[in-house]
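> My structure file upload36.tsv, TSV, N, CA, C and O atoms, is below:
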```
chain	number	residue	atom	x	y	z
A	251	MET	N	172.82	-58.81	-41.37
A	251	MET	CA	171.63	-59.51	-40.95
A	251	MET	C	170.72	-59.73	-42.15
A	251	MET	O	170.40	-58.80	-42.87
A	252	ARG	N	170.32	-60.95	-42.37
A	252	ARG	CA	169.40	-61.30	-43.45
A	252	ARG	C	167.97	-61.25	-42.95
A	252	ARG	O	167.67	-61.79	-41.89
A	253	MET	N	167.13	-60.64	-43.73
A	253	MET	CA	165.72	-60.58	-43.38
A	253	MET	C	164.93	-61.43	-44.39
A	253	MET	O	165.21	-61.39	-45.58
A	254	SER	N	164.00	-62.17	-43.88
A	254	SER	CA	163.17	-63.00	-44.73
A	254	SER	C	161.73	-62.51	-44.65
A	254	SER	O	161.22	-62.22	-43.57
A	255	LEU	N	161.09	-62.41	-45.79
A	255	LEU	CA	159.70	-61.97	-45.87
A	255	LEU	C	158.90	-63.05	-46.57
A	255	LEU	O	159.27	-63.51	-47.64
A	256	ARG	N	157.83	-63.49	-45.94
A	256	ARG	CA	156.97	-64.54	-46.50
A	256	ARG	C	155.55	-63.98	-46.61
A	256	ARG	O	155.03	-63.40	-45.66
A	257	CYS	N	154.94	-64.16	-47.77
A	257	CYS	CA	153.59	-63.67	-48.00
A	257	CYS	C	152.77	-64.79	-48.63
A	257	CYS	O	153.24	-65.46	-49.54
A	258	ALA	N	151.56	-65.00	-48.11
A	258	ALA	CA	150.68	-66.02	-48.65
A	258	ALA	C	149.35	-65.38	-49.06
A	258	ALA	O	148.83	-64.52	-48.35
A	259	VAL	N	148.84	-65.80	-50.21
A	259	VAL	CA	147.55	-65.33	-50.72
A	259	VAL	C	146.71	-66.56	-51.00
A	259	VAL	O	147.17	-67.51	-51.64
A	260	GLN	N	145.48	-66.54	-50.51
A	260	GLN	CA	144.56	-67.65	-50.76
A	260	GLN	C	143.36	-67.12	-51.52
A	260	GLN	O	142.74	-66.15	-51.10
A	261	VAL	N	143.05	-67.76	-52.64
A	261	VAL	CA	141.90	-67.40	-53.46
A	261	VAL	C	140.97	-68.60	-53.49
A	261	VAL	O	141.40	-69.71	-53.81
A	262	ARG	N	139.72	-68.37	-53.14
A	262	ARG	CA	138.73	-69.46	-53.14
A	262	ARG	C	137.64	-69.16	-54.15
A	262	ARG	O	137.06	-68.07	-54.15
A	263	ILE	N	137.39	-70.14	-55.03
A	263	ILE	CA	136.36	-70.01	-56.06
A	263	ILE	C	135.30	-71.05	-55.73
A	263	ILE	O	135.55	-72.25	-55.77
A	264	SER	N	134.12	-70.56	-55.39
A	264	SER	CA	133.05	-71.44	-54.90
A	264	SER	C	132.13	-71.91	-56.02
A	264	SER	O	132.08	-71.32	-57.09
A	265	ASP	N	131.38	-72.95	-55.69
A	265	ASP	CA	130.31	-73.49	-56.53
A	265	ASP	C	130.81	-74.01	-57.87
A	265	ASP	O	130.22	-73.74	-58.91
A	266	LEU	N	131.90	-74.75	-57.84
A	266	LEU	CA	132.41	-75.40	-59.05
A	266	LEU	C	132.18	-76.90	-58.94
A	266	LEU	O	132.35	-77.47	-57.86
A	267	SER	N	131.82	-77.50	-60.04
A	267	SER	CA	131.71	-78.96	-60.05
A	267	SER	C	133.12	-79.55	-60.02
A	267	SER	O	134.11	-78.86	-60.29
A	268	GLU	N	133.19	-80.82	-59.71
A	268	GLU	CA	134.48	-81.49	-59.66
A	268	GLU	C	135.15	-81.47	-61.03
A	268	GLU	O	136.36	-81.27	-61.15
A	269	SER	N	134.36	-81.64	-62.10
A	269	SER	CA	134.95	-81.62	-63.45
A	269	SER	C	135.43	-80.22	-63.83
A	269	SER	O	136.48	-80.08	-64.47
A	270	GLN	N	134.68	-79.19	-63.43
A	270	GLN	CA	135.14	-77.82	-63.70
A	270	GLN	C	136.45	-77.55	-62.97
A	270	GLN	O	137.39	-77.00	-63.56
A	271	ALA	N	136.50	-77.91	-61.70
A	271	ALA	CA	137.72	-77.68	-60.91
A	271	ALA	C	138.89	-78.44	-61.50
A	271	ALA	O	140.00	-77.91	-61.61
A	272	GLY	N	138.65	-79.69	-61.90
A	272	GLY	CA	139.71	-80.49	-62.51
A	272	GLY	C	140.22	-79.89	-63.80
A	272	GLY	O	141.43	-79.86	-64.06
A	273	SER	N	139.30	-79.35	-64.60
A	273	SER	CA	139.70	-78.71	-65.86
A	273	SER	C	140.51	-77.44	-65.61
A	273	SER	O	141.48	-77.17	-66.31
A	274	VAL	N	140.09	-76.67	-64.61
A	274	VAL	CA	140.83	-75.45	-64.27
A	274	VAL	C	142.23	-75.81	-63.78
A	274	VAL	O	143.22	-75.22	-64.22
A	275	ILE	N	142.32	-76.80	-62.91
A	275	ILE	CA	143.63	-77.22	-62.39
A	275	ILE	C	144.51	-77.72	-63.53
A	275	ILE	O	145.70	-77.37	-63.61
A	276	ALA	N	143.95	-78.50	-64.43
A	276	ALA	CA	144.72	-79.00	-65.58
A	276	ALA	C	145.18	-77.86	-66.48
A	276	ALA	O	146.30	-77.88	-66.99
A	277	ALA	N	144.34	-76.84	-66.65
A	277	ALA	CA	144.70	-75.69	-67.47
A	277	ALA	C	145.83	-74.88	-66.84
A	277	ALA	O	146.61	-74.24	-67.55
A	278	LEU	N	145.92	-74.92	-65.52
A	278	LEU	CA	146.96	-74.15	-64.82
A	278	LEU	C	148.29	-74.89	-64.72
A	278	LEU	O	149.32	-74.28	-64.46
A	279	GLU	N	148.29	-76.20	-64.93
A	279	GLU	CA	149.51	-77.01	-64.77
A	279	GLU	C	150.71	-76.46	-65.54
A	279	GLU	O	151.79	-76.37	-64.97
A	280	PRO	N	150.57	-76.10	-66.82
A	280	PRO	CA	151.75	-75.59	-67.53
A	280	PRO	C	152.34	-74.34	-66.89
A	280	PRO	O	153.54	-74.10	-66.97
A	281	ASP	N	151.50	-73.53	-66.24
A	281	ASP	CA	151.98	-72.31	-65.59
A	281	ASP	C	152.78	-72.60	-64.33
A	281	ASP	O	153.51	-71.73	-63.85
A	282	ASN	N	152.62	-73.79	-63.75
A	282	ASN	CA	153.31	-74.12	-62.51
A	282	ASN	C	154.76	-74.53	-62.71
A	282	ASN	O	155.51	-74.65	-61.75
A	283	THR	N	155.16	-74.74	-63.96
A	283	THR	CA	156.54	-75.10	-64.23
A	283	THR	C	157.34	-73.82	-64.49
A	283	THR	O	156.83	-72.86	-65.04
A	284	GLY	N	158.56	-73.81	-64.06
A	284	GLY	CA	159.41	-72.66	-64.30
A	284	GLY	C	159.04	-71.43	-63.48
A	284	GLY	O	159.29	-70.31	-63.91
A	285	MET	N	158.45	-71.66	-62.31
A	285	MET	CA	158.10	-70.53	-61.44
A	285	MET	C	159.37	-69.84	-60.98
A	285	MET	O	160.39	-70.50	-60.75
A	286	PRO	N	159.30	-68.51	-60.80
A	286	PRO	CA	160.48	-67.80	-60.29
A	286	PRO	C	160.89	-68.31	-58.91
A	286	PRO	O	160.05	-68.81	-58.15
A	287	GLU	N	162.17	-68.17	-58.59
A	287	GLU	CA	162.69	-68.58	-57.29
A	287	GLU	C	161.91	-67.86	-56.19
A	287	GLU	O	161.65	-66.66	-56.26
A	288	GLY	N	161.50	-68.61	-55.17
A	288	GLY	CA	160.80	-68.03	-54.03
A	288	GLY	C	159.30	-67.94	-54.19
A	288	GLY	O	158.61	-67.36	-53.36
A	289	LEU	N	158.76	-68.49	-55.29
A	289	LEU	CA	157.33	-68.38	-55.57
A	289	LEU	C	156.73	-69.75	-55.79
A	289	LEU	O	157.35	-70.60	-56.42
A	290	GLY	N	155.53	-69.99	-55.26
A	290	GLY	CA	154.86	-71.27	-55.45
A	290	GLY	C	153.35	-71.12	-55.42
A	290	GLY	O	152.82	-70.16	-54.87
A	291	VAL	N	152.67	-72.07	-56.04
A	291	VAL	CA	151.20	-72.09	-56.03
A	291	VAL	C	150.73	-73.54	-55.92
A	291	VAL	O	151.32	-74.44	-56.50
A	292	VAL	N	149.68	-73.73	-55.12
A	292	VAL	CA	149.08	-75.05	-54.93
A	292	VAL	C	147.57	-74.89	-55.14
A	292	VAL	O	146.96	-73.93	-54.68
A	293	ALA	N	146.97	-75.86	-55.85
A	293	ALA	CA	145.52	-75.84	-56.09
A	293	ALA	C	144.92	-77.10	-55.47
A	293	ALA	O	145.50	-78.18	-55.56
A	294	ARG	N	143.75	-76.93	-54.83
A	294	ARG	CA	143.04	-78.11	-54.30
A	294	ARG	C	141.55	-77.87	-54.39
A	294	ARG	O	141.08	-76.74	-54.37
A	295	TYR	N	140.81	-78.96	-54.48
A	295	TYR	CA	139.36	-78.90	-54.60
A	295	TYR	C	138.72	-79.59	-53.41
A	295	TYR	O	139.11	-80.68	-53.04
A	296	ASP	N	137.75	-78.91	-52.80
A	296	ASP	CA	137.02	-79.46	-51.66
A	296	ASP	C	135.56	-79.58	-52.06
A	296	ASP	O	134.91	-78.58	-52.38
A	297	LYS	N	135.04	-80.80	-52.07
A	297	LYS	CA	133.65	-81.00	-52.47
A	297	LYS	C	132.73	-81.32	-51.29
A	297	LYS	O	131.59	-81.72	-51.48
A	298	GLU	N	133.21	-81.11	-50.08
A	298	GLU	CA	132.39	-81.36	-48.88
A	298	GLU	C	131.37	-80.25	-48.70
A	298	GLU	O	131.59	-79.13	-49.09
A	299	GLY	N	130.26	-80.55	-48.07
A	299	GLY	CA	129.27	-79.53	-47.74
A	299	GLY	C	128.25	-79.25	-48.82
A	299	GLY	O	127.64	-78.20	-48.84
A	300	GLY	N	128.08	-80.17	-49.76
A	300	GLY	CA	127.07	-79.97	-50.79
A	300	GLY	C	127.49	-78.94	-51.82
A	300	GLY	O	128.66	-78.62	-51.97
A	301	ALA	N	126.50	-78.39	-52.54
A	301	ALA	CA	126.78	-77.47	-53.63
A	301	ALA	C	127.54	-76.23	-53.17
A	301	ALA	O	128.41	-75.73	-53.87
A	302	THR	N	127.21	-75.72	-51.99
A	302	THR	CA	127.88	-74.49	-51.54
A	302	THR	C	129.28	-74.76	-51.02
A	302	THR	O	130.07	-73.83	-50.87
A	303	GLY	N	129.61	-76.03	-50.76
A	303	GLY	CA	130.93	-76.36	-50.25
A	303	GLY	C	131.93	-76.72	-51.33
A	303	GLY	O	133.08	-76.98	-51.04
A	304	ARG	N	131.48	-76.74	-52.58
A	304	ARG	CA	132.38	-77.12	-53.68
A	304	ARG	C	133.28	-75.93	-54.01
A	304	ARG	O	132.85	-75.00	-54.67
A	305	THR	N	134.50	-76.00	-53.54
A	305	THR	CA	135.38	-74.84	-53.64
A	305	THR	C	136.76	-75.24	-54.17
A	305	THR	O	137.36	-76.18	-53.69
A	306	LEU	N	137.22	-74.47	-55.15
A	306	LEU	CA	138.58	-74.59	-55.64
A	306	LEU	C	139.40	-73.55	-54.89
A	306	LEU	O	139.06	-72.37	-54.89
A	307	THR	N	140.45	-74.00	-54.21
A	307	THR	CA	141.30	-73.10	-53.45
A	307	THR	C	142.67	-73.04	-54.11
A	307	THR	O	143.27	-74.07	-54.39
A	308	LEU	N	143.11	-71.83	-54.38
A	308	LEU	CA	144.45	-71.60	-54.94
A	308	LEU	C	145.26	-70.90	-53.87
A	308	LEU	O	144.86	-69.84	-53.37
A	309	GLU	N	146.38	-71.49	-53.50
A	309	GLU	CA	147.24	-70.91	-52.47
A	309	GLU	C	148.56	-70.51	-53.10
A	309	GLU	O	149.26	-71.34	-53.66
A	310	PHE	N	148.87	-69.24	-52.99
A	310	PHE	CA	150.09	-68.68	-53.55
A	310	PHE	C	151.01	-68.30	-52.39
A	310	PHE	O	150.54	-67.82	-51.36
A	311	GLU	N	152.31	-68.48	-52.58
A	311	GLU	CA	153.25	-68.08	-51.55
A	311	GLU	C	154.49	-67.49	-52.21
A	311	GLU	O	154.99	-68.01	-53.20
A	312	GLY	N	154.93	-66.37	-51.64
A	312	GLY	CA	156.16	-65.73	-52.09
A	312	GLY	C	157.09	-65.57	-50.90
A	312	GLY	O	156.64	-65.22	-49.81
A	313	VAL	N	158.37	-65.84	-51.11
A	313	VAL	CA	159.36	-65.72	-50.05
A	313	VAL	C	160.53	-64.91	-50.58
A	313	VAL	O	161.10	-65.24	-51.62
A	314	GLU	N	160.86	-63.85	-49.87
A	314	GLU	CA	162.06	-63.07	-50.16
A	314	GLU	C	163.02	-63.32	-49.02
A	314	GLU	O	162.69	-63.08	-47.86
A	315	ASP	N	164.21	-63.81	-49.36
A	315	ASP	CA	165.15	-64.14	-48.29
A	315	ASP	C	166.39	-63.27	-48.28
A	315	ASP	O	167.25	-63.42	-47.41
A	316	GLY	N	166.52	-62.37	-49.22
A	316	GLY	CA	167.68	-61.49	-49.23
A	316	GLY	C	168.98	-62.13	-49.67
A	316	GLY	O	170.00	-61.49	-49.72
A	317	GLY	N	168.94	-63.41	-49.99
A	317	GLY	CA	170.15	-64.12	-50.45
A	317	GLY	C	169.83	-64.86	-51.72
A	317	GLY	O	168.79	-64.67	-52.30
A	318	GLY	N	170.73	-65.68	-52.17
A	318	GLY	CA	170.44	-66.51	-53.33
A	318	GLY	C	171.51	-66.42	-54.40
A	318	GLY	O	172.56	-65.84	-54.20
A	319	LYS	N	171.21	-66.97	-55.56
A	319	LYS	CA	172.17	-67.12	-56.65
A	319	LYS	C	172.76	-65.79	-57.11
A	319	LYS	O	173.94	-65.67	-57.34
A	320	ASP	N	171.93	-64.78	-57.28
A	320	ASP	CA	172.39	-63.52	-57.84
A	320	ASP	C	172.70	-62.46	-56.79
A	320	ASP	O	172.88	-61.29	-57.11
A	321	GLY	N	172.77	-62.86	-55.53
A	321	GLY	CA	173.03	-61.90	-54.47
A	321	GLY	C	171.77	-61.20	-54.00
A	321	GLY	O	171.72	-60.67	-52.91
A	322	GLY	N	170.75	-61.20	-54.84
A	322	GLY	CA	169.47	-60.59	-54.47
A	322	GLY	C	168.47	-61.65	-54.06
A	322	GLY	O	167.40	-61.34	-53.58
A	323	GLY	N	168.84	-62.91	-54.27
A	323	GLY	CA	167.96	-64.02	-53.89
A	323	GLY	C	166.61	-63.91	-54.54
A	323	GLY	O	166.48	-63.61	-55.72
A	324	ALA	N	165.60	-64.15	-53.75
A	324	ALA	CA	164.23	-64.06	-54.23
A	324	ALA	C	163.73	-62.65	-53.97
A	324	ALA	O	162.64	-62.43	-53.51
A	325	ALA	N	164.56	-61.67	-54.28
A	325	ALA	CA	164.26	-60.28	-53.94
A	325	ALA	C	163.06	-59.73	-54.69
A	325	ALA	O	162.50	-58.73	-54.28
A	326	HIS	N	162.69	-60.34	-55.77
A	326	HIS	CA	161.54	-59.85	-56.53
A	326	HIS	C	160.32	-60.74	-56.36
A	326	HIS	O	159.36	-60.62	-57.11
A	327	ALA	N	160.34	-61.62	-55.38
A	327	ALA	CA	159.25	-62.58	-55.21
A	327	ALA	C	157.92	-61.90	-54.91
A	327	ALA	O	156.89	-62.35	-55.39
A	328	MET	N	157.90	-60.82	-54.16
A	328	MET	CA	156.64	-60.18	-53.83
A	328	MET	C	155.99	-59.56	-55.06
A	328	MET	O	154.80	-59.70	-55.28
A	329	GLY	N	156.78	-58.89	-55.89
A	329	GLY	CA	156.26	-58.36	-57.14
A	329	GLY	C	155.80	-59.47	-58.06
A	329	GLY	O	154.76	-59.37	-58.72
A	330	SER	N	156.57	-60.55	-58.11
A	330	SER	CA	156.19	-61.70	-58.93
A	330	SER	C	154.93	-62.35	-58.40
A	330	SER	O	154.11	-62.85	-59.17
A	331	LEU	N	154.75	-62.36	-57.08
A	331	LEU	CA	153.56	-62.95	-56.48
A	331	LEU	C	152.31	-62.24	-56.95
A	331	LEU	O	151.35	-62.87	-57.39
A	332	VAL	N	152.33	-60.93	-56.92
A	332	VAL	CA	151.17	-60.14	-57.35
A	332	VAL	C	150.87	-60.41	-58.83
A	332	VAL	O	149.72	-60.66	-59.20
A	333	GLY	N	151.90	-60.40	-59.65
A	333	GLY	CA	151.71	-60.67	-61.07
A	333	GLY	C	151.21	-62.08	-61.33
A	333	GLY	O	150.37	-62.30	-62.21
A	334	THR	N	151.71	-63.05	-60.57
A	334	THR	CA	151.30	-64.44	-60.75
A	334	THR	C	149.83	-64.63	-60.37
A	334	THR	O	149.08	-65.30	-61.08
A	335	VAL	N	149.41	-64.05	-59.25
A	335	VAL	CA	148.00	-64.15	-58.84
A	335	VAL	C	147.12	-63.58	-59.94
A	335	VAL	O	146.12	-64.19	-60.35
A	336	ASP	N	147.48	-62.41	-60.46
A	336	ASP	CA	146.70	-61.77	-61.52
A	336	ASP	C	146.63	-62.65	-62.76
A	336	ASP	O	145.55	-62.88	-63.32
A	337	GLU	N	147.77	-63.19	-63.17
A	337	GLU	CA	147.82	-64.03	-64.37
A	337	GLU	C	147.01	-65.31	-64.19
A	337	GLU	O	146.27	-65.72	-65.09
A	338	VAL	N	147.14	-65.95	-63.05
A	338	VAL	CA	146.41	-67.19	-62.80
A	338	VAL	C	144.90	-66.93	-62.79
A	338	VAL	O	144.12	-67.70	-63.37
A	339	LEU	N	144.47	-65.85	-62.18
A	339	LEU	CA	143.04	-65.53	-62.16
A	339	LEU	C	142.50	-65.25	-63.57
A	339	LEU	O	141.37	-65.62	-63.89
A	340	GLU	N	143.31	-64.63	-64.41
A	340	GLU	CA	142.91	-64.44	-65.81
A	340	GLU	C	142.73	-65.78	-66.50
A	340	GLU	O	141.76	-65.99	-67.23
A	341	HIS	N	143.66	-66.72	-66.26
A	341	HIS	CA	143.56	-68.04	-66.87
A	341	HIS	C	142.35	-68.81	-66.35
A	341	HIS	O	141.68	-69.51	-67.11
A	342	VAL	N	142.06	-68.68	-65.07
A	342	VAL	CA	140.88	-69.33	-64.50
A	342	VAL	C	139.62	-68.77	-65.17
A	342	VAL	O	138.72	-69.53	-65.55
A	343	GLN	N	139.55	-67.46	-65.32
A	343	GLN	CA	138.38	-66.84	-65.93
A	343	GLN	C	138.19	-67.33	-67.37
A	343	GLN	O	137.07	-67.66	-67.77
A	344	VAL	N	139.26	-67.39	-68.13
A	344	VAL	CA	139.18	-67.87	-69.51
A	344	VAL	C	138.71	-69.33	-69.54
A	344	VAL	O	137.82	-69.70	-70.31
A	345	ALA	N	139.30	-70.17	-68.68
A	345	ALA	CA	138.92	-71.59	-68.65
A	345	ALA	C	137.45	-71.76	-68.31
A	345	ALA	O	136.75	-72.55	-68.94
A	346	LEU	N	136.96	-71.00	-67.35
A	346	LEU	CA	135.54	-71.12	-66.96
A	346	LEU	C	134.63	-70.61	-68.07
A	346	LEU	O	133.56	-71.19	-68.31
A	347	LYS	N	135.02	-69.55	-68.76
A	347	LYS	CA	134.22	-69.05	-69.87
A	347	LYS	C	134.14	-70.07	-71.01
A	347	LYS	O	133.09	-70.27	-71.61
A	348	VAL	N	135.28	-70.72	-71.30
A	348	VAL	CA	135.30	-71.74	-72.35
A	348	VAL	C	134.38	-72.90	-71.98
A	348	VAL	O	133.61	-73.38	-72.80
A	349	MET	N	134.45	-73.33	-70.71
A	349	MET	CA	133.58	-74.44	-70.27
A	349	MET	C	132.12	-74.03	-70.29
A	349	MET	O	131.26	-74.84	-70.62
A	350	ASP	N	131.83	-72.79	-69.97
A	350	ASP	CA	130.46	-72.30	-69.93
A	350	ASP	C	129.85	-72.22	-71.32
A	350	ASP	O	128.66	-72.46	-71.51
A	351	SER	N	130.69	-71.91	-72.32
A	351	SER	CA	130.18	-71.78	-73.69
A	351	SER	C	130.14	-73.11	-74.43
A	351	SER	O	129.58	-73.20	-75.51
A	352	ALA	N	130.73	-74.14	-73.86
A	352	ALA	CA	130.77	-75.46	-74.54
A	352	ALA	C	129.47	-76.20	-74.37
A	352	ALA	O	128.67	-76.00	-73.56
```
Could you quickly redo this structure as structure tokens?

Amino acid sequence: MRMSLRCAVQVRISDLSESQAGSVIAALEPDNTGMPEGLGVVARYDKEGGATGRTLTLEFEGVEDGGGKDGGGAAHAMGSLVGTVDEVLEHVQVALKVMDSA
């Protein structure tokens, strides 16, 4: 019997201008290539609701299916998910600091 485990993490960063959000998304683009099997991230910006509604949302998803190319499938997706969220948040912080000091 194969068991599949799916985990989703949503991170919302509020009060960003459209240009800040666009710069953060552009800075993250290189990281989105070559993602481990079973792992994905999507970024979107919502500017509705005035200044308090300007939110960059990062959605991460990890899937372990117990199968795959190496017999272990996406067996390490959950560990990779945690590491990916941490790494992406570090990159977001650096990008925002650079924009703030410019």
> Determine the nearest neighbour of Ser267 of chain A from the options A:Asp296, A:Glu279, A:Glu287, A:Glu309, counting only N, CA, C and O atoms.
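The closest residue to Ser267 of chain A is A:Asp296.
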> So what do you get for atom CA of Gly333 of chain A versus atom CA of Lys297 of chain A, distance-wise?
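Answer for the atom CA of Gly333 of chain A to atom CA of Lys297 of chain A separation: 28.5 Å.
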> Would you mind reading off the distance between atom O of Asp315 of chain A and atom CA of Val292 of chain A, one decimal, in Å?
22.8 Å
> Which residues are near Arg262 of chain A? Cut-off 8 Å, only N, CA, C and O atoms, ignore same chain within fewer than 6 positions. Put them as a ChimeraX atom specification.
/A:294,304-309
> Quick one: write out the picked residues with N, CA, C and O atoms as a compact mmCIF listing (two decimals), in the frame of the given file?

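File produced: again-v7.txt:
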```txt
# COMPACT_ATOMS: atom_id res chain seq x y z
N ARG A 294 143.75 -76.93 -54.83
CA ARG A 294 143.04 -78.11 -54.30
C ARG A 294 141.55 -77.87 -54.39
O ARG A 294 141.08 -76.74 -54.37
N ARG A 304 131.48 -76.74 -52.58
CA ARG A 304 132.38 -77.12 -53.68
C ARG A 304 133.28 -75.93 -54.01
O ARG A 304 132.85 -75.00 -54.67
N THR A 305 134.50 -76.00 -53.54
CA THR A 305 135.38 -74.84 -53.64
C THR A 305 136.76 -75.24 -54.17
O THR A 305 137.36 -76.18 -53.69
N LEU A 306 137.22 -74.47 -55.15
CA LEU A 306 138.58 -74.59 -55.64
C LEU A 306 139.40 -73.55 -54.89
O LEU A 306 139.06 -72.37 -54.89
N THR A 307 140.45 -74.00 -54.21
CA THR A 307 141.30 -73.10 -53.45
C THR A 307 142.67 -73.04 -54.11
O THR A 307 143.27 -74.07 -54.39
N LEU A 308 143.11 -71.83 -54.38
CA LEU A 308 144.45 -71.60 -54.94
C LEU A 308 145.26 -70.90 -53.87
O LEU A 308 144.86 -69.84 -53.37
N GLU A 309 146.38 -71.49 -53.50
CA GLU A 309 147.24 -70.91 -52.47
C GLU A 309 148.56 -70.51 -53.10
O GLU A 309 149.26 -71.34 -53.66
```
